[in-house]
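Source file: run_2.pdb; contents: PDB, N, CA, C and O atoms.
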ATOM      1  N   MET P 205       9.419   5.068   0.119
ATOM      2  CA  MET P 205      10.001   5.617  -1.066
ATOM      3  C   MET P 205       8.950   6.483  -1.740
ATOM      4  O   MET P 205       8.052   5.957  -2.381
ATOM      5  N   PRO P 206       8.965   7.779  -1.556
ATOM      6  CA  PRO P 206       7.973   8.644  -2.188
ATOM      7  C   PRO P 206       8.131   8.653  -3.705
ATOM      8  O   PRO P 206       9.228   8.552  -4.213
ATOM      9  N   ALA P 207       7.019   8.739  -4.371
ATOM     10  CA  ALA P 207       7.036   8.801  -5.834
ATOM     11  C   ALA P 207       5.753   9.451  -6.308
ATOM     12  O   ALA P 207       4.775   9.519  -5.578
ATOM     13  N   LYS P 208       5.769   9.932  -7.536
ATOM     14  CA  LYS P 208       4.557  10.477  -8.139
ATOM     15  C   LYS P 208       4.173   9.575  -9.295
ATOM     16  O   LYS P 208       4.986   9.269 -10.149
ATOM     17  N   VAL P 209       2.921   9.149  -9.285
ATOM     18  CA  VAL P 209       2.415   8.281 -10.342
ATOM     19  C   VAL P 209       1.124   8.883 -10.867
ATOM     20  O   VAL P 209       0.149   8.985 -10.134
ATOM     21  N   SER P 210       1.106   9.323 -12.096
ATOM     22  CA  SER P 210      -0.075   9.929 -12.720
ATOM     23  C   SER P 210      -0.719  10.993 -11.833
ATOM     24  O   SER P 210      -1.933  11.037 -11.668
ATOM     25  N   GLY P 211       0.080  11.812 -11.194
ATOM     26  CA  GLY P 211      -0.438  12.883 -10.359
ATOM     27  C   GLY P 211      -0.805  12.454  -8.950
ATOM     28  O   GLY P 211      -1.142  13.264  -8.132
ATOM     29  N   ALA P 212      -0.740  11.170  -8.643
ATOM     30  CA  ALA P 212      -1.061  10.689  -7.296
ATOM     31  C   ALA P 212       0.198  10.669  -6.443
ATOM     32  O   ALA P 212       1.283  10.416  -6.939
ATOM     33  N   LYS P 213       0.042  10.921  -5.158
ATOM     34  CA  LYS P 213       1.176  10.858  -4.238
ATOM     35  C   LYS P 213       1.076   9.557  -3.465
ATOM     36  O   LYS P 213       0.029   9.225  -2.934
ATOM     37  N   TRP P 214       2.192   8.817  -3.410
ATOM     38  CA  TRP P 214       2.174   7.561  -2.661
ATOM     39  C   TRP P 214       3.528   7.315  -2.035
ATOM     40  O   TRP P 214       4.529   7.872  -2.454
ATOM     41  N   SER P 215       3.543   6.473  -1.027
ATOM     42  CA  SER P 215       4.806   6.075  -0.406
ATOM     43  C   SER P 215       4.752   4.588  -0.094
ATOM     44  O   SER P 215       3.682   4.027   0.122
ATOM     45  N   ALA P 216       5.922   3.960  -0.109
ATOM     46  CA  ALA P 216       6.016   2.525   0.171
ATOM     47  C   ALA P 216       7.162   2.304   1.147
ATOM     48  O   ALA P 216       8.176   2.975   1.076
ATOM     49  N   ARG P 217       6.977   1.360   2.055
ATOM     50  CA  ARG P 217       8.037   1.033   3.001
ATOM     51  C   ARG P 217       8.047  -0.470   3.220
ATOM     52  O   ARG P 217       6.987  -1.083   3.386
ATOM     53  N   GLU P 218       9.232  -1.065   3.216
ATOM     54  CA  GLU P 218       9.364  -2.493   3.503
ATOM     55  C   GLU P 218      10.364  -2.637   4.630
ATOM     56  O   GLU P 218      11.472  -2.121   4.563
ATOM     57  N   ASP P 219       9.966  -3.303   5.691
ATOM     58  CA  ASP P 219      10.811  -3.482   6.870
ATOM     59  C   ASP P 219      11.506  -4.841   6.800
ATOM     60  O   ASP P 219      10.993  -5.830   7.311
ATOM     61  N   GLY P 220      12.622  -4.884   6.115
ATOM     62  CA  GLY P 220      13.417  -6.113   6.085
ATOM     63  C   GLY P 220      12.706  -7.304   5.475
ATOM     64  O   GLY P 220      13.126  -8.429   5.672
ATOM     65  N   GLY P 221      11.610  -7.078   4.763
ATOM     66  CA  GLY P 221      10.893  -8.187   4.164
ATOM     67  C   GLY P 221       9.957  -8.906   5.122
ATOM     68  O   GLY P 221       9.183  -9.746   4.718
ATOM     69  N   HIS P 222      10.022  -8.599   6.410
ATOM     70  CA  HIS P 222       9.186  -9.296   7.394
ATOM     71  C   HIS P 222       7.914  -8.533   7.737
ATOM     72  O   HIS P 222       6.967  -9.109   8.252
ATOM     73  N   ALA P 223       7.919  -7.235   7.463
ATOM     74  CA  ALA P 223       6.751  -6.420   7.795
ATOM     75  C   ALA P 223       6.523  -5.378   6.692
ATOM     76  O   ALA P 223       6.662  -4.180   6.929
ATOM     77  N   PRO P 224       6.159  -5.811   5.485
ATOM     78  CA  PRO P 224       5.927  -4.833   4.418
ATOM     79  C   PRO P 224       4.747  -3.929   4.744
ATOM     80  O   PRO P 224       3.787  -4.350   5.373
ATOM     81  N   ARG P 225       4.861  -2.676   4.308
ATOM     82  CA  ARG P 225       3.816  -1.683   4.582
ATOM     83  C   ARG P 225       3.760  -0.735   3.394
ATOM     84  O   ARG P 225       4.785  -0.292   2.886
ATOM     85  N   LEU P 226       2.551  -0.412   2.966
ATOM     86  CA  LEU P 226       2.348   0.487   1.838
ATOM     87  C   LEU P 226       1.231   1.452   2.192
ATOM     88  O   LEU P 226       0.144   1.033   2.584
ATOM     89  N   LYS P 227       1.512   2.751   2.101
ATOM     90  CA  LYS P 227       0.498   3.774   2.360
ATOM     91  C   LYS P 227       0.283   4.540   1.066
ATOM     92  O   LYS P 227       1.241   5.026   0.464
ATOM     93  N   VAL P 228      -0.974   4.664   0.645
ATOM     94  CA  VAL P 228      -1.322   5.357  -0.591
ATOM     95  C   VAL P 228      -2.210   6.550  -0.238
ATOM     96  O   VAL P 228      -3.203   6.395   0.471
ATOM     97  N   VAL P 229      -1.836   7.741  -0.731
ATOM     98  CA  VAL P 229      -2.588   8.965  -0.466
ATOM     99  C   VAL P 229      -3.097   9.499  -1.806
ATOM    100  O   VAL P 229      -2.302   9.917  -2.641
ATOM    101  N   PRO P 230      -4.412   9.480  -2.023
ATOM    102  CA  PRO P 230      -4.937   9.968  -3.305
ATOM    103  C   PRO P 230      -4.938  11.488  -3.379
ATOM    104  O   PRO P 230      -4.906  12.172  -2.358
ATOM    105  N   THR P 231      -4.970  12.007  -4.595
ATOM    106  CA  THR P 231      -5.092  13.450  -4.767
ATOM    107  C   THR P 231      -6.570  13.804  -4.893
ATOM    108  O   THR P 231      -7.367  13.016  -5.401
ATOM    109  N   GLY P 232      -6.924  14.979  -4.417
ATOM    110  CA  GLY P 232      -8.300  15.445  -4.520
ATOM    111  C   GLY P 232      -9.284  14.458  -3.923
ATOM    112  O   GLY P 232      -9.120  13.998  -2.810
ATOM    113  N   LYS P 233     -10.292  14.121  -4.707
ATOM    114  CA  LYS P 233     -11.317  13.179  -4.240
ATOM    115  C   LYS P 233     -11.094  11.786  -4.820
ATOM    116  O   LYS P 233     -12.001  10.959  -4.869
ATOM    117  N   GLY P 234      -9.848  11.513  -5.274
ATOM    118  CA  GLY P 234      -9.505  10.190  -5.796
ATOM    119  C   GLY P 234      -9.647   9.117  -4.723
ATOM    120  O   GLY P 234      -9.676   9.409  -3.527
ATOM    121  N   VAL P 235      -9.737   7.882  -5.142
ATOM    122  CA  VAL P 235      -9.866   6.746  -4.225
ATOM    123  C   VAL P 235      -8.600   5.906  -4.326
ATOM    124  O   VAL P 235      -8.205   5.490  -5.415
ATOM    125  N   ALA P 236      -7.961   5.672  -3.194
ATOM    126  CA  ALA P 236      -6.722   4.899  -3.149
ATOM    127  C   ALA P 236      -7.017   3.413  -2.946
ATOM    128  O   ALA P 236      -7.984   3.040  -2.280
ATOM    129  N   HIS P 237      -6.167   2.592  -3.525
ATOM    130  CA  HIS P 237      -6.216   1.145  -3.359
ATOM    131  C   HIS P 237      -4.800   0.687  -3.030
ATOM    132  O   HIS P 237      -3.837   1.285  -3.487
ATOM    133  N   CYS P 238      -4.667  -0.387  -2.259
ATOM    134  CA  CYS P 238      -3.343  -0.971  -2.064
ATOM    135  C   CYS P 238      -3.458  -2.485  -2.073
ATOM    136  O   CYS P 238      -4.502  -3.054  -1.737
ATOM    137  N   LEU P 239      -2.386  -3.121  -2.493
ATOM    138  CA  LEU P 239      -2.326  -4.575  -2.600
ATOM    139  C   LEU P 239      -0.899  -5.007  -2.323
ATOM    140  O   LEU P 239       0.029  -4.532  -2.983
ATOM    141  N   LEU P 240      -0.710  -5.877  -1.324
ATOM    142  CA  LEU P 240       0.593  -6.463  -1.038
ATOM    143  C   LEU P 240       0.526  -7.935  -1.382
ATOM    144  O   LEU P 240      -0.390  -8.638  -0.940
ATOM    145  N   MET P 241       1.497  -8.392  -2.176
ATOM    146  CA  MET P 241       1.529  -9.799  -2.573
ATOM    147  C   MET P 241       2.930 -10.351  -2.362
ATOM    148  O   MET P 241       3.917  -9.635  -2.488
ATOM    149  N   GLU P 242       3.006 -11.650  -2.075
ATOM    150  CA  GLU P 242       4.289 -12.341  -2.019
ATOM    151  C   GLU P 242       4.698 -12.719  -3.433
ATOM    152  O   GLU P 242       3.897 -12.631  -4.366
ATOM    153  N   GLY P 243       5.919 -13.192  -3.590
ATOM    154  CA  GLY P 243       6.419 -13.590  -4.890
ATOM    155  C   GLY P 243       5.622 -14.700  -5.545
ATOM    156  O   GLY P 243       5.599 -14.827  -6.763
ATOM    157  N   ASN P 244       4.930 -15.520  -4.744
ATOM    158  CA  ASN P 244       4.118 -16.616  -5.282
ATOM    159  C   ASN P 244       2.681 -16.176  -5.564
ATOM    160  O   ASN P 244       1.801 -17.009  -5.728
ATOM    161  N   ASN P 245       2.456 -14.855  -5.596
ATOM    162  CA  ASN P 245       1.150 -14.234  -5.870
ATOM    163  C   ASN P 245       0.121 -14.409  -4.760
ATOM    164  O   ASN P 245      -1.056 -14.148  -4.961
ATOM    165  N   ARG P 246       0.547 -14.855  -3.582
ATOM    166  CA  ARG P 246      -0.361 -14.931  -2.438
ATOM    167  C   ARG P 246      -0.597 -13.519  -1.910
ATOM    168  O   ARG P 246       0.343 -12.769  -1.665
ATOM    169  N   VAL P 247      -1.858 -13.130  -1.752
ATOM    170  CA  VAL P 247      -2.221 -11.795  -1.267
ATOM    171  C   VAL P 247      -1.991 -11.733   0.245
ATOM    172  O   VAL P 247      -2.531 -12.549   0.993
ATOM    173  N   LEU P 248      -1.182 -10.762   0.664
ATOM    174  CA  LEU P 248      -0.921 -10.558   2.088
ATOM    175  C   LEU P 248      -1.919  -9.579   2.695
ATOM    176  O   LEU P 248      -2.348  -9.740   3.827
ATOM    177  N   ASP P 249      -2.275  -8.546   1.945
ATOM    178  CA  ASP P 249      -3.246  -7.550   2.410
ATOM    179  C   ASP P 249      -3.758  -6.780   1.202
ATOM    180  O   ASP P 249      -3.033  -6.581   0.226
ATOM    181  N   GLN P 250      -5.012  -6.362   1.282
ATOM    182  CA  GLN P 250      -5.622  -5.605   0.197
ATOM    183  C   GLN P 250      -6.686  -4.698   0.785
ATOM    184  O   GLN P 250      -7.491  -5.137   1.601
ATOM    185  N   LYS P 251      -6.664  -3.412   0.399
ATOM    186  CA  LYS P 251      -7.647  -2.466   0.935
ATOM    187  C   LYS P 251      -8.051  -1.468  -0.136
ATOM    188  O   LYS P 251      -7.303  -1.176  -1.057
ATOM    189  N   LYS P 252      -9.245  -0.918   0.024
ATOM    190  CA  LYS P 252      -9.741   0.172  -0.817
ATOM    191  C   LYS P 252     -10.225   1.260   0.135
ATOM    192  O   LYS P 252     -11.004   0.995   1.044
ATOM    193  N   GLY P 253      -9.744   2.487  -0.083
ATOM    194  CA  GLY P 253     -10.095   3.590   0.804
ATOM    195  C   GLY P 253     -11.326   4.336   0.338
ATOM    196  O   GLY P 253     -11.912   4.038  -0.701
ATOM    197  N   ALA P 254     -11.698   5.327   1.112
ATOM    198  CA  ALA P 254     -12.808   6.219   0.769
ATOM    199  C   ALA P 254     -12.261   7.391  -0.030
ATOM    200  O   ALA P 254     -11.064   7.679   0.000
ATOM    201  N   ALA P 255     -13.119   8.089  -0.728
ATOM    202  CA  ALA P 255     -12.714   9.230  -1.558
ATOM    203  C   ALA P 255     -11.915  10.239  -0.740
ATOM    204  O   ALA P 255     -12.343  10.657   0.332
ATOM    205  N   GLY P 256     -10.730  10.575  -1.238
ATOM    206  CA  GLY P 256      -9.892  11.573  -0.594
ATOM    207  C   GLY P 256      -9.150  11.114   0.644
ATOM    208  O   GLY P 256      -8.428  11.889   1.253
ATOM    209  N   GLN P 257      -9.289   9.853   1.033
ATOM    210  CA  GLN P 257      -8.669   9.360   2.260
ATOM    211  C   GLN P 257      -7.510   8.403   1.945
ATOM    212  O   GLN P 257      -7.588   7.608   1.018
ATOM    213  N   PRO P 258      -6.437   8.445   2.760
ATOM    214  CA  PRO P 258      -5.327   7.524   2.560
ATOM    215  C   PRO P 258      -5.733   6.104   2.957
ATOM    216  O   PRO P 258      -6.680   5.901   3.724
ATOM    217  N   VAL P 259      -5.002   5.142   2.444
ATOM    218  CA  VAL P 259      -5.238   3.740   2.779
ATOM    219  C   VAL P 259      -3.875   3.096   3.005
ATOM    220  O   VAL P 259      -2.888   3.434   2.369
ATOM    221  N   THR P 260      -3.810   2.169   3.977
ATOM    222  CA  THR P 260      -2.554   1.498   4.323
ATOM    223  C   THR P 260      -2.740  -0.010   4.307
ATOM    224  O   THR P 260      -3.686  -0.530   4.888
ATOM    225  N   CYS P 261      -1.834  -0.702   3.625
ATOM    226  CA  CYS P 261      -1.765  -2.157   3.657
ATOM    227  C   CYS P 261      -0.511  -2.549   4.397
ATOM    228  O   CYS P 261       0.543  -1.919   4.233
ATOM    229  N   SER P 262      -0.596  -3.578   5.211
ATOM    230  CA  SER P 262       0.586  -4.073   5.909
ATOM    231  C   SER P 262       0.414  -5.562   6.197
ATOM    232  O   SER P 262      -0.699  -6.086   6.159
ATOM    233  N   ALA P 263       1.526  -6.217   6.454
ATOM    234  CA  ALA P 263       1.497  -7.648   6.750
ATOM    235  C   ALA P 263       2.692  -8.010   7.610
ATOM    236  O   ALA P 263       3.710  -7.332   7.588
ATOM    237  N   ARG P 264       2.540  -9.051   8.383
ATOM    238  CA  ARG P 264       3.642  -9.622   9.156
ATOM    239  C   ARG P 264       3.785 -11.059   8.712
ATOM    240  O   ARG P 264       2.811 -11.795   8.665
ATOM    241  N   ARG P 265       5.018 -11.417   8.389
ATOM    242  CA  ARG P 265       5.257 -12.807   7.946
ATOM    243  C   ARG P 265       6.043 -13.552   8.960
ATOM    244  O   ARG P 265       6.725 -13.041   9.749
TER     245      ARG P 265
END
Could you write out this structure as structure tokens?
Amino acid sequence: MPAKVSGAKWSAREDGGHAPRLKVVPTGKGVAHCLLMEGNNRVLDQKKGAAGQPVTCSARR
């Protein structure tokens, strides 16, 4: 689901709830972060990218 948030471009995809995936693409030399959590606040995946580089979080349940 593409969206614009404070000038940043990002997309999110969830595969039936069994394989969530989130790709974040920063603008310019921004640094992207992603965090996937379950409803009980358990962290499934968390990443921090390098300046200007996209970052992807994904999980299989």
Explicit residue set for the PyMOL selection byres (((chain P and resi 234 and name CA) around 9) and name CA), as a list in words: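 For this structure, the PyMOL selection byres (((chain P and resi 234 and name CA) around 9) and name CA) resolves to Ala212, Val229, Pro230, Thr231, Gly232, Lys233, Val235, Ala236, Ala254, Ala255, Gly256 and Gln257 of chain P.
Between CA of Glu242 (chain P) and CA of Thr260 (chain P) the interatomic distance comes to 16.7 Å.
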Could you tell me, as a PDB file with N, CA, C and O atoms, in the coordinates of the input, which residues have any atom at most 9 Å from (-3.0, 4.5, -0.8), counting only C-alpha atoms?
ATOM      1  N   LYS P 213       0.042  10.921  -5.158  1.00  0.00           N
ATOM      2  CA  LYS P 213       1.176  10.858  -4.238  1.00  0.00           C
ATOM      3  C   LYS P 213       1.076   9.557  -3.465  1.00  0.00           C
ATOM      4  O   LYS P 213       0.029   9.225  -2.934  1.00  0.00           O
ATOM      5  N   TRP P 214       2.192   8.817  -3.410  1.00  0.00           N
ATOM      6  CA  TRP P 214       2.174   7.561  -2.661  1.00  0.00           C
ATOM      7  C   TRP P 214       3.528   7.315  -2.035  1.00  0.00           C
ATOM      8  O   TRP P 214       4.529   7.872  -2.454  1.00  0.00           O
ATOM      9  N   SER P 215       3.543   6.473  -1.027  1.00  0.00           N
ATOM     10  CA  SER P 215       4.806   6.075  -0.406  1.00  0.00           C
ATOM     11  C   SER P 215       4.752   4.588  -0.094  1.00  0.00           C
ATOM     12  O   SER P 215       3.682   4.027   0.122  1.00  0.00           O
ATOM     13  N   LEU P 226       2.551  -0.412   2.966  1.00  0.00           N
ATOM     14  CA  LEU P 226       2.348   0.487   1.838  1.00  0.00           C
ATOM     15  C   LEU P 226       1.231   1.452   2.192  1.00  0.00           C
ATOM     16  O   LEU P 226       0.144   1.033   2.584  1.00  0.00           O
ATOM     17  N   LYS P 227       1.512   2.751   2.101  1.00  0.00           N
ATOM     18  CA  LYS P 227       0.498   3.774   2.360  1.00  0.00           C
ATOM     19  C   LYS P 227       0.283   4.540   1.066  1.00  0.00           C
ATOM     20  O   LYS P 227       1.241   5.026   0.464  1.00  0.00           O
ATOM     21  N   VAL P 228      -0.974   4.664   0.645  1.00  0.00           N
ATOM     22  CA  VAL P 228      -1.322   5.357  -0.591  1.00  0.00           C
ATOM     23  C   VAL P 228      -2.210   6.550  -0.238  1.00  0.00           C
ATOM     24  O   VAL P 228      -3.203   6.395   0.471  1.00  0.00           O
ATOM     25  N   VAL P 229      -1.836   7.741  -0.731  1.00  0.00           N
ATOM     26  CA  VAL P 229      -2.588   8.965  -0.466  1.00  0.00           C
ATOM     27  C   VAL P 229      -3.097   9.499  -1.806  1.00  0.00           C
ATOM     28  O   VAL P 229      -2.302   9.917  -2.641  1.00  0.00           O
ATOM     29  N   PRO P 230      -4.412   9.480  -2.023  1.00  0.00           N
ATOM     30  CA  PRO P 230      -4.937   9.968  -3.305  1.00  0.00           C
ATOM     31  C   PRO P 230      -4.938  11.488  -3.379  1.00  0.00           C
ATOM     32  O   PRO P 230      -4.906  12.172  -2.358  1.00  0.00           O
ATOM     33  N   VAL P 235      -9.737   7.882  -5.142  1.00  0.00           N
ATOM     34  CA  VAL P 235      -9.866   6.746  -4.225  1.00  0.00           C
ATOM     35  C   VAL P 235      -8.600   5.906  -4.326  1.00  0.00           C
ATOM     36  O   VAL P 235      -8.205   5.490  -5.415  1.00  0.00           O
ATOM     37  N   ALA P 236      -7.961   5.672  -3.194  1.00  0.00           N
ATOM     38  CA  ALA P 236      -6.722   4.899  -3.149  1.00  0.00           C
ATOM     39  C   ALA P 236      -7.017   3.413  -2.946  1.00  0.00           C
ATOM     40  O   ALA P 236      -7.984   3.040  -2.280  1.00  0.00           O
ATOM     41  N   HIS P 237      -6.167   2.592  -3.525  1.00  0.00           N
ATOM     42  CA  HIS P 237      -6.216   1.145  -3.359  1.00  0.00           C
ATOM     43  C   HIS P 237      -4.800   0.687  -3.030  1.00  0.00           C
ATOM     44  O   HIS P 237      -3.837   1.285  -3.487  1.00  0.00           O
ATOM     45  N   CYS P 238      -4.667  -0.387  -2.259  1.00  0.00           N
ATOM     46  CA  CYS P 238      -3.343  -0.971  -2.064  1.00  0.00           C
ATOM     47  C   CYS P 238      -3.458  -2.485  -2.073  1.00  0.00           C
ATOM     48  O   CYS P 238      -4.502  -3.054  -1.737  1.00  0.00           O
ATOM     49  N   LYS P 251      -6.664  -3.412   0.399  1.00  0.00           N
ATOM     50  CA  LYS P 251      -7.647  -2.466   0.935  1.00  0.00           C
ATOM     51  C   LYS P 251      -8.051  -1.468  -0.136  1.00  0.00           C
ATOM     52  O   LYS P 251      -7.303  -1.176  -1.057  1.00  0.00           O
ATOM     53  N   LYS P 252      -9.245  -0.918   0.024  1.00  0.00           N
ATOM     54  CA  LYS P 252      -9.741   0.172  -0.817  1.00  0.00           C
ATOM     55  C   LYS P 252     -10.225   1.260   0.135  1.00  0.00           C
ATOM     56  O   LYS P 252     -11.004   0.995   1.044  1.00  0.00           O
ATOM     57  N   GLY P 253      -9.744   2.487  -0.083  1.00  0.00           N
ATOM     58  CA  GLY P 253     -10.095   3.590   0.804  1.00  0.00           C
ATOM     59  C   GLY P 253     -11.326   4.336   0.338  1.00  0.00           C
ATOM     60  O   GLY P 253     -11.912   4.038  -0.701  1.00  0.00           O
ATOM     61  N   GLN P 257      -9.289   9.853   1.033  1.00  0.00           N
ATOM     62  CA  GLN P 257      -8.669   9.360   2.260  1.00  0.00           C
ATOM     63  C   GLN P 257      -7.510   8.403   1.945  1.00  0.00           C
ATOM     64  O   GLN P 257      -7.588   7.608   1.018  1.00  0.00           O
ATOM     65  N   PRO P 258      -6.437   8.445   2.760  1.00  0.00           N
ATOM     66  CA  PRO P 258      -5.327   7.524   2.560  1.00  0.00           C
ATOM     67  C   PRO P 258      -5.733   6.104   2.957  1.00  0.00           C
ATOM     68  O   PRO P 258      -6.680   5.901   3.724  1.00  0.00           O
ATOM     69  N   VAL P 259      -5.002   5.142   2.444  1.00  0.00           N
ATOM     70  CA  VAL P 259      -5.238   3.740   2.779  1.00  0.00           C
ATOM     71  C   VAL P 259      -3.875   3.096   3.005  1.00  0.00           C
ATOM     72  O   VAL P 259      -2.888   3.434   2.369  1.00  0.00           O
ATOM     73  N   THR P 260      -3.810   2.169   3.977  1.00  0.00           N
ATOM     74  CA  THR P 260      -2.554   1.498   4.323  1.00  0.00           C
ATOM     75  C   THR P 260      -2.740  -0.010   4.307  1.00  0.00           C
ATOM     76  O   THR P 260      -3.686  -0.530   4.888  1.00  0.00           O
ATOM     77  N   CYS P 261      -1.834  -0.702   3.625  1.00  0.00           N
ATOM     78  CA  CYS P 261      -1.765  -2.157   3.657  1.00  0.00           C
ATOM     79  C   CYS P 261      -0.511  -2.549   4.397  1.00  0.00           C
ATOM     80  O   CYS P 261       0.543  -1.919   4.233  1.00  0.00           O
TER      81      CYS P 261
END
Picked residues, the PyMOL selection byres ((chain P and resi 263) around 6), expected as a compact mmCIF listing (two decimals) with N, CA, C and O atoms, keeping the file's coordinate frame:
# COMPACT_ATOMS: atom_id res chain seq x y z
N HIS P 222 10.02 -8.60 6.41
CA HIS P 222 9.19 -9.30 7.39
C HIS P 222 7.91 -8.53 7.74
O HIS P 222 6.97 -9.11 8.25
N ALA P 223 7.92 -7.24 7.46
CA ALA P 223 6.75 -6.42 7.80
C ALA P 223 6.52 -5.38 6.69
O ALA P 223 6.66 -4.18 6.93
N PRO P 224 6.16 -5.81 5.48
CA PRO P 224 5.93 -4.83 4.42
C PRO P 224 4.75 -3.93 4.74
O PRO P 224 3.79 -4.35 5.37
N ARG P 225 4.86 -2.68 4.31
CA ARG P 225 3.82 -1.68 4.58
C ARG P 225 3.76 -0.74 3.39
O ARG P 225 4.78 -0.29 2.89
N LEU P 248 -1.18 -10.76 0.66
CA LEU P 248 -0.92 -10.56 2.09
C LEU P 248 -1.92 -9.58 2.70
O LEU P 248 -2.35 -9.74 3.83
N CYS P 261 -1.83 -0.70 3.62
CA CYS P 261 -1.76 -2.16 3.66
C CYS P 261 -0.51 -2.55 4.40
O CYS P 261 0.54 -1.92 4.23
N SER P 262 -0.60 -3.58 5.21
CA SER P 262 0.59 -4.07 5.91
C SER P 262 0.41 -5.56 6.20
O SER P 262 -0.70 -6.09 6.16
N ARG P 264 2.54 -9.05 8.38
CA ARG P 264 3.64 -9.62 9.16
C ARG P 264 3.78 -11.06 8.71
O ARG P 264 2.81 -11.80 8.66
N ARG P 265 5.02 -11.42 8.39
CA ARG P 265 5.26 -12.81 7.95
C ARG P 265 6.04 -13.55 8.96
O ARG P 265 6.72 -13.04 9.75
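Between atom O of Leu239 (chain P) and CA of Gly221 (chain P) there is a distance of 13.5 Å.
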Axis-aligned box over every listed atom of region 238-248 of chain P, padded by 6 Å per side: centre and edges in Å to one decimal, as JSON?
{"center_x": 0.9, "center_y": -8.7, "center_z": -1.5, "size_x": 23.1, "size_y": 28.6, "size_z": 22.6}
Assuming the input is short of atoms at region 222-228 of chain P, produce all heavy atoms for that part as a PDB file, in the coordinates of the input.
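And here is the file that came out, part-v2.pdb:
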ATOM      1  N   HIS P 222      10.022  -8.599   6.410  1.00  0.00           N
ATOM      2  CA  HIS P 222       9.186  -9.296   7.394  1.00  0.00           C
ATOM      3  C   HIS P 222       7.914  -8.533   7.737  1.00  0.00           C
ATOM      4  O   HIS P 222       6.967  -9.109   8.252  1.00  0.00           O
ATOM      5  CB  HIS P 222       9.979  -9.561   8.676  1.00  0.00           C
ATOM      6  CG  HIS P 222      11.161 -10.429   8.447  1.00  0.00           C
ATOM      7  ND1 HIS P 222      11.066 -11.766   8.178  1.00  0.00           N
ATOM      8  CD2 HIS P 222      12.476 -10.131   8.409  1.00  0.00           C
ATOM      9  CE1 HIS P 222      12.266 -12.259   7.997  1.00  0.00           C
ATOM     10  NE2 HIS P 222      13.144 -11.292   8.126  1.00  0.00           N
ATOM     11  N   ALA P 223       7.919  -7.235   7.463  1.00  0.00           N
ATOM     12  CA  ALA P 223       6.751  -6.420   7.795  1.00  0.00           C
ATOM     13  C   ALA P 223       6.523  -5.378   6.692  1.00  0.00           C
ATOM     14  O   ALA P 223       6.662  -4.180   6.929  1.00  0.00           O
ATOM     15  CB  ALA P 223       6.929  -5.750   9.151  1.00  0.00           C
ATOM     16  N   PRO P 224       6.159  -5.811   5.485  1.00  0.00           N
ATOM     17  CA  PRO P 224       5.927  -4.833   4.418  1.00  0.00           C
ATOM     18  C   PRO P 224       4.747  -3.929   4.744  1.00  0.00           C
ATOM     19  O   PRO P 224       3.787  -4.350   5.373  1.00  0.00           O
ATOM     20  CB  PRO P 224       5.651  -5.691   3.185  1.00  0.00           C
ATOM     21  CG  PRO P 224       5.220  -7.009   3.715  1.00  0.00           C
ATOM     22  CD  PRO P 224       5.892  -7.174   5.039  1.00  0.00           C
ATOM     23  N   ARG P 225       4.861  -2.676   4.308  1.00  0.00           N
ATOM     24  CA  ARG P 225       3.816  -1.683   4.582  1.00  0.00           C
ATOM     25  C   ARG P 225       3.760  -0.735   3.394  1.00  0.00           C
ATOM     26  O   ARG P 225       4.785  -0.292   2.886  1.00  0.00           O
ATOM     27  CB  ARG P 225       4.174  -0.921   5.850  1.00  0.00           C
ATOM     28  CG  ARG P 225       3.245   0.206   6.194  1.00  0.00           C
ATOM     29  CD  ARG P 225       3.765   0.902   7.454  1.00  0.00           C
ATOM     30  NE  ARG P 225       3.206   2.212   7.583  1.00  0.00           N
ATOM     31  CZ  ARG P 225       2.179   2.510   8.359  1.00  0.00           C
ATOM     32  NH1 ARG P 225       1.618   1.580   9.083  1.00  0.00           N
ATOM     33  NH2 ARG P 225       1.722   3.738   8.420  1.00  0.00           N
ATOM     34  N   LEU P 226       2.551  -0.412   2.966  1.00  0.00           N
ATOM     35  CA  LEU P 226       2.348   0.487   1.838  1.00  0.00           C
ATOM     36  C   LEU P 226       1.231   1.452   2.192  1.00  0.00           C
ATOM     37  O   LEU P 226       0.144   1.033   2.584  1.00  0.00           O
ATOM     38  CB  LEU P 226       1.959  -0.318   0.593  1.00  0.00           C
ATOM     39  CG  LEU P 226       1.580   0.462  -0.659  1.00  0.00           C
ATOM     40  CD1 LEU P 226       2.811   1.184  -1.200  1.00  0.00           C
ATOM     41  CD2 LEU P 226       1.012  -0.471  -1.712  1.00  0.00           C
ATOM     42  N   LYS P 227       1.512   2.751   2.101  1.00  0.00           N
ATOM     43  CA  LYS P 227       0.498   3.774   2.360  1.00  0.00           C
ATOM     44  C   LYS P 227       0.283   4.540   1.066  1.00  0.00           C
ATOM     45  O   LYS P 227       1.241   5.026   0.464  1.00  0.00           O
ATOM     46  CB  LYS P 227       0.943   4.731   3.463  1.00  0.00           C
ATOM     47  CG  LYS P 227      -0.084   5.812   3.755  1.00  0.00           C
ATOM     48  CD  LYS P 227       0.362   6.705   4.888  1.00  0.00           C
ATOM     49  CE  LYS P 227      -0.686   7.765   5.180  1.00  0.00           C
ATOM     50  NZ  LYS P 227      -0.274   8.649   6.275  1.00  0.00           N
ATOM     51  N   VAL P 228      -0.974   4.664   0.645  1.00  0.00           N
ATOM     52  CA  VAL P 228      -1.322   5.357  -0.591  1.00  0.00           C
ATOM     53  C   VAL P 228      -2.210   6.550  -0.238  1.00  0.00           C
ATOM     54  O   VAL P 228      -3.203   6.395   0.471  1.00  0.00           O
ATOM     55  CB  VAL P 228      -2.077   4.416  -1.563  1.00  0.00           C
ATOM     56  CG1 VAL P 228      -2.371   5.118  -2.862  1.00  0.00           C
ATOM     57  CG2 VAL P 228      -1.272   3.140  -1.802  1.00  0.00           C
TER      58      VAL P 228
END
